[in-house]
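Novice: Before I ask anything, here is the structure I am working with.
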Amino acid sequence: MPHSDSEETPSSTARLASLGLVLPAVSPPKGEYVPAVLSGHLVFVAGQVPMTGGELTTTGRLGDEVSIERGRELSRQCALAALAAVDSVAGLDRVTRVLKMTGYVSSAPGFLDQEKVVEGAGELFAEVFGAAGRPVRSVVGVADLPLGSPVEIETLFEIGR
C-alpha cells in the first residue's frame with residue numbers, strides 16, 4: 001500500500017508510551033546547576049544518575065557490588081531521566097537527534113566492560129528515536145561518582161521547531 005501523507009511516524013512520546021515507559025519527574029539539582037539548558041537548536045543535559053523518588057536508586061561500583069546487567073538497567077534509567085530533562089525545557093517531541101552521549105561508570109580495579117553498561121542508555125535512545133537516537137559516544141571508567149552512583153549519563157540533543 002502506498003504511503004500517504006496522513007500516515008505519520010509515531011511521536012517520541014508515543015514510542016515511549018509503547019515501551020511502557022513514563023518520564024520521571026526531573027530530579028532537583030544537588031548543587032548550583034540546572035538539569036538542562038536550551039540554547040538555539042541544542043539541549044545540553046547535565047549528567048544524570050539513577051534516581052528514584054529523589055534518592056539514588058543504587059550505589060556501588062561495576063565489577064564489585066553492581067553487575068553489568070544491573071548497570072545496564074541503571075544506565076537506561078539515567079537515559080530516561082535525560083529525556084525528562086529535555087522535555088522540561090524543550091518538549092520531547094521536538095528532539096530531532098541525540099548528538100552526543102558521555103557515560104561515566106564507577107569501576108572496580110580491573111573492570112573493563114564500561115561500554116556494556118552504557119549501552120543500556122544507547123538502546124533506550126535508539127528505541128525512542130530510531131536511527132536519530134544513535135549518538136557519538138564516549139565511555140569513561142572512574143573510581144567514584146557523585147553520591148556513590150554506579151553510572152552517570154550526560155547528553156546533548158538537537159531539537160527542531
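Ligands are numbered from 1 in the order shown, chains are lettered A, B, ... in the order of the C-alpha cells, and residues start at 1 in each chain.
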When you look at range 49-62 of chain A with a cut-off of 10 Å (counting only C-alpha atoms), what residues show up, excluding the ones that are within fewer than 2 positions of it in the same chain? I need them as a compact mmCIF listing (two decimals) with N, CA, C and O atoms, in the first residue's frame.

Specialist:
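Result file follows (out_29.txt):
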```
# COMPACT_ATOMS: atom_id res chain seq x y z
N PRO A 24 10.05 10.28 34.25
CA PRO A 24 10.03 10.58 35.68
C PRO A 24 10.01 12.09 35.90
O PRO A 24 10.26 12.87 34.98
N ALA A 25 9.74 12.49 37.12
CA ALA A 25 9.89 13.90 37.48
C ALA A 25 11.37 14.24 37.38
O ALA A 25 12.23 13.39 37.64
N VAL A 26 11.67 15.45 36.96
CA VAL A 26 13.06 15.88 36.88
C VAL A 26 13.59 16.02 38.31
O VAL A 26 12.99 16.71 39.13
N SER A 27 14.70 15.34 38.58
CA SER A 27 15.29 15.41 39.92
C SER A 27 15.86 16.80 40.17
O SER A 27 16.54 17.35 39.30
N PRO A 28 15.60 17.35 41.33
CA PRO A 28 16.16 18.66 41.63
C PRO A 28 17.69 18.57 41.68
O PRO A 28 18.24 17.58 42.16
N PRO A 29 18.37 19.59 41.20
CA PRO A 29 19.84 19.58 41.23
C PRO A 29 20.35 19.46 42.66
O PRO A 29 19.75 19.95 43.61
N ALA A 46 22.58 17.99 31.90
CA ALA A 46 23.57 17.69 32.93
C ALA A 46 23.64 16.18 33.14
O ALA A 46 22.68 15.44 32.83
N GLY A 47 24.73 15.73 33.68
CA GLY A 47 24.88 14.30 33.98
C GLY A 47 23.74 13.81 34.85
O GLY A 47 23.40 14.45 35.85
N ASP A 64 32.23 -4.92 41.22
CA ASP A 64 32.22 -5.23 42.65
C ASP A 64 30.78 -5.51 43.05
O ASP A 64 30.26 -6.57 42.81
N GLU A 65 30.10 -4.47 43.59
CA GLU A 65 28.74 -4.65 44.10
C GLU A 65 27.68 -4.65 43.02
O GLU A 65 26.55 -5.09 43.27
N VAL A 66 27.98 -4.15 41.84
CA VAL A 66 26.97 -3.98 40.79
C VAL A 66 27.34 -4.82 39.57
O VAL A 66 28.45 -4.72 39.06
N SER A 67 26.39 -5.61 39.09
CA SER A 67 26.61 -6.46 37.90
C SER A 67 26.48 -5.64 36.62
O SER A 67 25.88 -4.55 36.63
N ILE A 68 26.99 -6.17 35.54
CA ILE A 68 26.84 -5.50 34.25
C ILE A 68 25.37 -5.33 33.90
O ILE A 68 24.94 -4.25 33.48
N GLU A 69 24.57 -6.35 34.10
CA GLU A 69 23.13 -6.28 33.76
C GLU A 69 22.44 -5.19 34.59
O GLU A 69 21.66 -4.40 34.06
N ARG A 70 22.75 -5.13 35.87
CA ARG A 70 22.14 -4.09 36.72
C ARG A 70 22.65 -2.71 36.28
O ARG A 70 21.87 -1.75 36.23
N GLY A 71 23.91 -2.62 35.92
CA GLY A 71 24.46 -1.37 35.42
C GLY A 71 23.76 -0.90 34.16
O GLY A 71 23.49 0.29 33.98
N GLU A 73 20.64 -1.55 33.35
CA GLU A 73 19.33 -1.06 33.78
C GLU A 73 19.44 0.36 34.35
O GLU A 73 18.61 1.21 34.06
N LEU A 74 20.48 0.59 35.13
CA LEU A 74 20.68 1.91 35.74
C LEU A 74 21.03 2.94 34.67
O LEU A 74 20.57 4.09 34.73
N SER A 75 21.81 2.54 33.69
CA SER A 75 22.16 3.42 32.57
C SER A 75 20.89 3.81 31.80
O SER A 75 20.70 4.97 31.42
N ARG A 76 20.03 2.86 31.60
CA ARG A 76 18.74 3.11 30.92
C ARG A 76 17.90 4.08 31.74
O ARG A 76 17.26 4.98 31.20
N GLN A 77 17.92 3.92 33.06
CA GLN A 77 17.19 4.82 33.94
C GLN A 77 17.75 6.24 33.82
O GLN A 77 16.99 7.22 33.81
N CYS A 78 19.07 6.36 33.71
CA CYS A 78 19.69 7.69 33.52
C CYS A 78 19.24 8.31 32.20
O CYS A 78 18.98 9.52 32.13
N ALA A 79 19.16 7.50 31.16
CA ALA A 79 18.72 7.99 29.85
C ALA A 79 17.28 8.49 29.92
O ALA A 79 16.94 9.53 29.33
N LEU A 80 16.43 7.78 30.62
CA LEU A 80 15.04 8.20 30.78
C LEU A 80 14.98 9.53 31.54
O LEU A 80 14.20 10.42 31.18
N ALA A 81 15.83 9.69 32.53
CA ALA A 81 15.91 10.96 33.27
C ALA A 81 16.38 12.09 32.35
O ALA A 81 15.90 13.22 32.45
N ALA A 82 17.30 11.78 31.45
CA ALA A 82 17.77 12.78 30.49
C ALA A 82 16.62 13.22 29.58
O ALA A 82 16.48 14.41 29.27
N TYR A 104 29.73 7.72 32.24
CA TYR A 104 30.74 7.55 33.28
C TYR A 104 30.34 6.35 34.11
O TYR A 104 29.20 6.25 34.56
N VAL A 105 31.26 5.42 34.30
CA VAL A 105 30.96 4.19 35.01
C VAL A 105 31.92 4.05 36.19
O VAL A 105 33.14 4.00 36.00
N SER A 106 31.38 4.01 37.40
CA SER A 106 32.18 3.78 38.59
C SER A 106 32.64 2.33 38.54
O SER A 106 31.83 1.41 38.58
N SER A 107 33.96 2.16 38.44
CA SER A 107 34.52 0.85 38.12
C SER A 107 35.51 0.35 39.18
O SER A 107 36.40 1.09 39.60
N ALA A 108 35.34 -0.90 39.55
CA ALA A 108 36.31 -1.56 40.42
C ALA A 108 37.61 -1.74 39.63
O ALA A 108 37.57 -1.81 38.39
N PRO A 109 38.75 -1.82 40.32
CA PRO A 109 40.00 -2.08 39.60
C PRO A 109 39.89 -3.32 38.71
O PRO A 109 39.35 -4.35 39.13
N PHE A 111 37.97 -3.67 36.09
CA PHE A 111 36.71 -3.76 35.34
C PHE A 111 36.89 -3.06 34.00
O PHE A 111 37.25 -1.88 33.96
N LEU A 112 36.66 -3.77 32.91
CA LEU A 112 36.92 -3.23 31.58
C LEU A 112 35.71 -3.28 30.64
O LEU A 112 35.86 -3.14 29.43
N ASP A 113 34.52 -3.46 31.18
CA ASP A 113 33.32 -3.57 30.36
C ASP A 113 32.40 -2.36 30.47
O ASP A 113 31.17 -2.47 30.40
N GLN A 114 32.98 -1.17 30.61
CA GLN A 114 32.18 0.04 30.76
C GLN A 114 31.21 0.23 29.60
O GLN A 114 30.07 0.65 29.81
N VAL A 117 27.87 -1.43 29.94
CA VAL A 117 26.99 -0.79 30.90
C VAL A 117 26.26 0.39 30.24
O VAL A 117 25.03 0.49 30.29
N GLY A 141 35.65 5.06 32.47
CA GLY A 141 35.65 4.38 33.75
C GLY A 141 36.28 5.28 34.80
O GLY A 141 37.33 5.88 34.54
N VAL A 142 35.61 5.42 35.94
CA VAL A 142 36.11 6.28 37.01
C VAL A 142 36.07 5.54 38.34
O VAL A 142 35.36 4.53 38.47
N ALA A 143 36.82 6.05 39.30
CA ALA A 143 36.86 5.41 40.62
C ALA A 143 35.57 5.64 41.39
O ALA A 143 35.03 4.73 42.03
N ASP A 144 35.05 6.87 41.35
CA ASP A 144 33.84 7.23 42.09
C ASP A 144 33.03 8.24 41.32
O ASP A 144 33.57 9.03 40.55
N LEU A 145 31.72 8.23 41.58
CA LEU A 145 30.79 9.20 41.01
C LEU A 145 30.01 9.87 42.14
O LEU A 145 29.95 9.33 43.26
N PRO A 146 29.37 11.00 41.87
CA PRO A 146 28.61 11.68 42.92
C PRO A 146 27.59 10.76 43.59
O PRO A 146 26.96 9.92 42.93
N LEU A 147 27.48 10.91 44.89
CA LEU A 147 26.53 10.17 45.74
C LEU A 147 26.80 8.67 45.78
O LEU A 147 26.00 7.91 46.30
N GLY A 148 27.92 8.22 45.18
CA GLY A 148 28.21 6.79 45.13
C GLY A 148 27.52 6.08 43.98
O GLY A 148 27.42 4.85 43.95
N SER A 149 27.04 6.85 43.01
CA SER A 149 26.32 6.28 41.87
C SER A 149 27.22 5.34 41.06
O SER A 149 28.39 5.63 40.84
N PRO A 150 26.66 4.25 40.55
CA PRO A 150 27.42 3.36 39.68
C PRO A 150 27.63 3.91 38.27
O PRO A 150 28.57 3.53 37.58
N VAL A 151 26.71 4.79 37.82
CA VAL A 151 26.75 5.27 36.44
C VAL A 151 26.18 6.69 36.37
O VAL A 151 25.34 7.06 37.18
N GLU A 152 26.68 7.45 35.40
CA GLU A 152 26.16 8.80 35.13
C GLU A 152 26.18 8.99 33.63
O GLU A 152 27.16 8.64 32.97
N ILE A 153 25.10 9.54 33.08
CA ILE A 153 24.98 9.75 31.65
C ILE A 153 24.76 11.24 31.38
O ILE A 153 23.84 11.85 31.93
N GLU A 154 25.58 11.80 30.51
CA GLU A 154 25.47 13.20 30.10
C GLU A 154 25.15 13.21 28.60
O GLU A 154 25.71 12.43 27.84
```

Novice: How would you write, as a VMD selection string, the set of residues in range 46-131 of chain A that DSSP gives as strand (DSSP E)?

Specialist: chain A and resid 46 to 48 51 to 52 55 to 56 95 to 106

Novice: Could you please take those selected residues and save N, CA and C atoms as a CSV table (one decimal), in the first residue's frame?

Specialist:
```csv
chain,number,residue,atom,x,y,z
A,46,ALA,N,22.6,18.0,31.9
A,46,ALA,CA,23.6,17.7,32.9
A,46,ALA,C,23.6,16.2,33.1
A,47,GLY,N,24.7,15.7,33.7
A,47,GLY,CA,24.9,14.3,34.0
A,47,GLY,C,23.7,13.8,34.9
A,48,GLN,N,23.1,12.7,34.4
A,48,GLN,CA,22.0,12.1,35.2
A,48,GLN,C,22.5,10.8,35.8
A,51,MET,N,18.0,7.9,39.7
A,51,MET,CA,17.3,8.4,40.9
A,51,MET,C,15.9,7.8,40.9
A,52,THR,N,15.4,7.5,42.1
A,52,THR,CA,14.0,7.0,42.3
A,52,THR,C,13.4,7.8,43.4
A,55,GLU,N,15.9,10.0,45.3
A,55,GLU,CA,17.1,9.3,46.0
A,55,GLU,C,17.8,8.4,45.0
A,56,LEU,N,19.1,8.3,45.2
A,56,LEU,CA,19.9,7.4,44.4
A,56,LEU,C,19.3,6.0,44.5
A,95,VAL,N,12.7,16.8,19.8
A,95,VAL,CA,14.0,16.2,19.6
A,95,VAL,C,14.1,15.6,18.2
A,96,THR,N,15.1,16.0,17.4
A,96,THR,CA,15.4,15.5,16.1
A,96,THR,C,16.6,14.5,16.1
A,97,ARG,N,17.4,14.6,17.1
A,97,ARG,CA,18.6,13.7,17.1
A,97,ARG,C,19.3,13.8,18.5
A,98,VAL,N,19.8,12.6,18.9
A,98,VAL,CA,20.6,12.6,20.1
A,98,VAL,C,22.0,12.7,19.5
A,99,LEU,N,22.7,13.8,19.8
A,99,LEU,CA,24.0,14.1,19.2
A,99,LEU,C,25.2,13.5,19.9
A,100,LYS,N,25.2,13.6,21.2
A,100,LYS,CA,26.4,13.1,22.0
A,100,LYS,C,25.9,12.5,23.3
A,101,MET,N,26.6,11.4,23.7
A,101,MET,CA,26.3,10.8,25.0
A,101,MET,C,27.7,10.5,25.6
A,102,THR,N,27.9,10.9,26.8
A,102,THR,CA,29.1,10.5,27.6
A,102,THR,C,28.6,9.7,28.8
A,103,GLY,N,29.1,8.5,28.9
A,103,GLY,CA,28.8,7.6,30.0
A,103,GLY,C,30.0,7.5,31.0
A,104,TYR,N,29.7,7.7,32.2
A,104,TYR,CA,30.7,7.6,33.3
A,104,TYR,C,30.3,6.3,34.1
A,105,VAL,N,31.3,5.4,34.3
A,105,VAL,CA,31.0,4.2,35.0
A,105,VAL,C,31.9,4.0,36.2
A,106,SER,N,31.4,4.0,37.4
A,106,SER,CA,32.2,3.8,38.6
A,106,SER,C,32.6,2.3,38.5
```

Novice: Give me every alpha helix (DSSP H) residue in chain A, going by DSSP on the backbone, as a PyMOL selection string.

Specialist: chain A and resi 12-18+68-89+114-129

Novice: How far is it from CA of Val89 in chain A to CA of Thr13 in chain A, in Å with one decimal?

Specialist: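 A separation of 15.0 Å between them.
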
Novice: Taking only C-alpha atoms into account, which of A:Leu92, A:Leu38, A:Val43, A:Val86 comes nearest Val128 in chain A?

Specialist: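 Ranked by minimum distance to Val128 in chain A, first place goes to A:Leu92.
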
Novice: Residues at most 8 Å from Arg94 in chain A, counting only C-alpha atoms, excluding those fewer than 4 positions away in the same chain, as a list of chain:residue names?

Specialist: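 Contacts, with the query itself left out: A:Ala90, A:Ile159, A:Gly160, A:Arg161.
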
Novice: Could you write out the selected residues, including all heavy atoms, as a PDB file, in the first residue's frame?

Specialist:
```
ATOM      1  N   ALA A  90      12.261  21.832  26.478  1.00  0.00           N
ATOM      2  CA  ALA A  90      12.016  21.966  25.036  1.00  0.00           C
ATOM      3  C   ALA A  90      10.837  21.143  24.528  1.00  0.00           C
ATOM      4  O   ALA A  90      10.336  21.416  23.447  1.00  0.00           O
ATOM      5  CB  ALA A  90      13.271  21.589  24.252  1.00  0.00           C
ATOM      6  N   ILE A 159      17.186  19.818  18.609  1.00  0.00           N
ATOM      7  CA  ILE A 159      15.737  19.931  18.533  1.00  0.00           C
ATOM      8  C   ILE A 159      15.338  20.731  17.296  1.00  0.00           C
ATOM      9  O   ILE A 159      16.101  21.538  16.785  1.00  0.00           O
ATOM     10  CB  ILE A 159      15.127  20.569  19.793  1.00  0.00           C
ATOM     11  CG1 ILE A 159      15.681  21.980  20.007  1.00  0.00           C
ATOM     12  CG2 ILE A 159      15.336  19.687  21.002  1.00  0.00           C
ATOM     13  CD1 ILE A 159      14.860  22.803  20.954  1.00  0.00           C
ATOM     14  N   GLY A 160      14.135  20.463  16.844  1.00  0.00           N
ATOM     15  CA  GLY A 160      13.551  21.230  15.737  1.00  0.00           C
ATOM     16  C   GLY A 160      12.547  22.214  16.288  1.00  0.00           C
ATOM     17  O   GLY A 160      12.426  22.404  17.485  1.00  0.00           O
ATOM     18  N   ARG A 161      11.810  22.790  15.397  1.00  0.00           N
ATOM     19  CA  ARG A 161      10.826  23.815  15.802  1.00  0.00           C
ATOM     20  C   ARG A 161       9.583  23.230  16.400  1.00  0.00           C
ATOM     21  O   ARG A 161       9.145  22.219  16.267  1.00  0.00           O
ATOM     22  CB  ARG A 161      10.469  24.663  14.590  1.00  0.00           C
ATOM     23  CG  ARG A 161      11.697  25.364  14.093  1.00  0.00           C
ATOM     24  CD  ARG A 161      11.311  26.404  13.046  1.00  0.00           C
ATOM     25  NE  ARG A 161      12.520  26.924  12.439  1.00  0.00           N
ATOM     26  CZ  ARG A 161      13.229  27.923  12.948  1.00  0.00           C
ATOM     27  NH1 ARG A 161      12.859  28.488  14.057  1.00  0.00           N
ATOM     28  NH2 ARG A 161      14.303  28.347  12.348  1.00  0.00           N
TER      29      ARG A 161
END
```

Novice: Taking only C-alpha atoms into account, name the residue in A:His41, A:Arg15, A:Arg134, A:Arg72 that is nearest to Glu119 in chain A.

Specialist: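 Nearest to Glu119 in chain A: A:Arg72.
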
Novice: Please identify all polymer residues within 6 Å of Ala36 in chain A, counting only C-alpha atoms, omitting same-chain residues fewer than 4 positions from it, and present them as a PyMOL selection string.

Specialist: chain A and resi 44-46+85

Novice: Could you work out how far CA of Ser12 in chain A lies from CA of Asp93 in chain A, giving the answer in Å with one decimal?

Specialist: 5.4 Å

Novice: Between CA of Ser18 in chain A and CA of Val37 in chain A, what is the distance, to one decimal in Å?

Specialist: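 One can read the CA of Ser18 in chain A to CA of Val37 in chain A distance as 27.5 Å.
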
Novice: Of the residues A:Gly133, A:Lys116, A:Leu42, A:Gly63, which is the one nearest to Leu156 in chain A, using only C-alpha atoms?

Specialist: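 Using only C-alpha atoms, Leu156 in chain A sits closest to A:Leu42.
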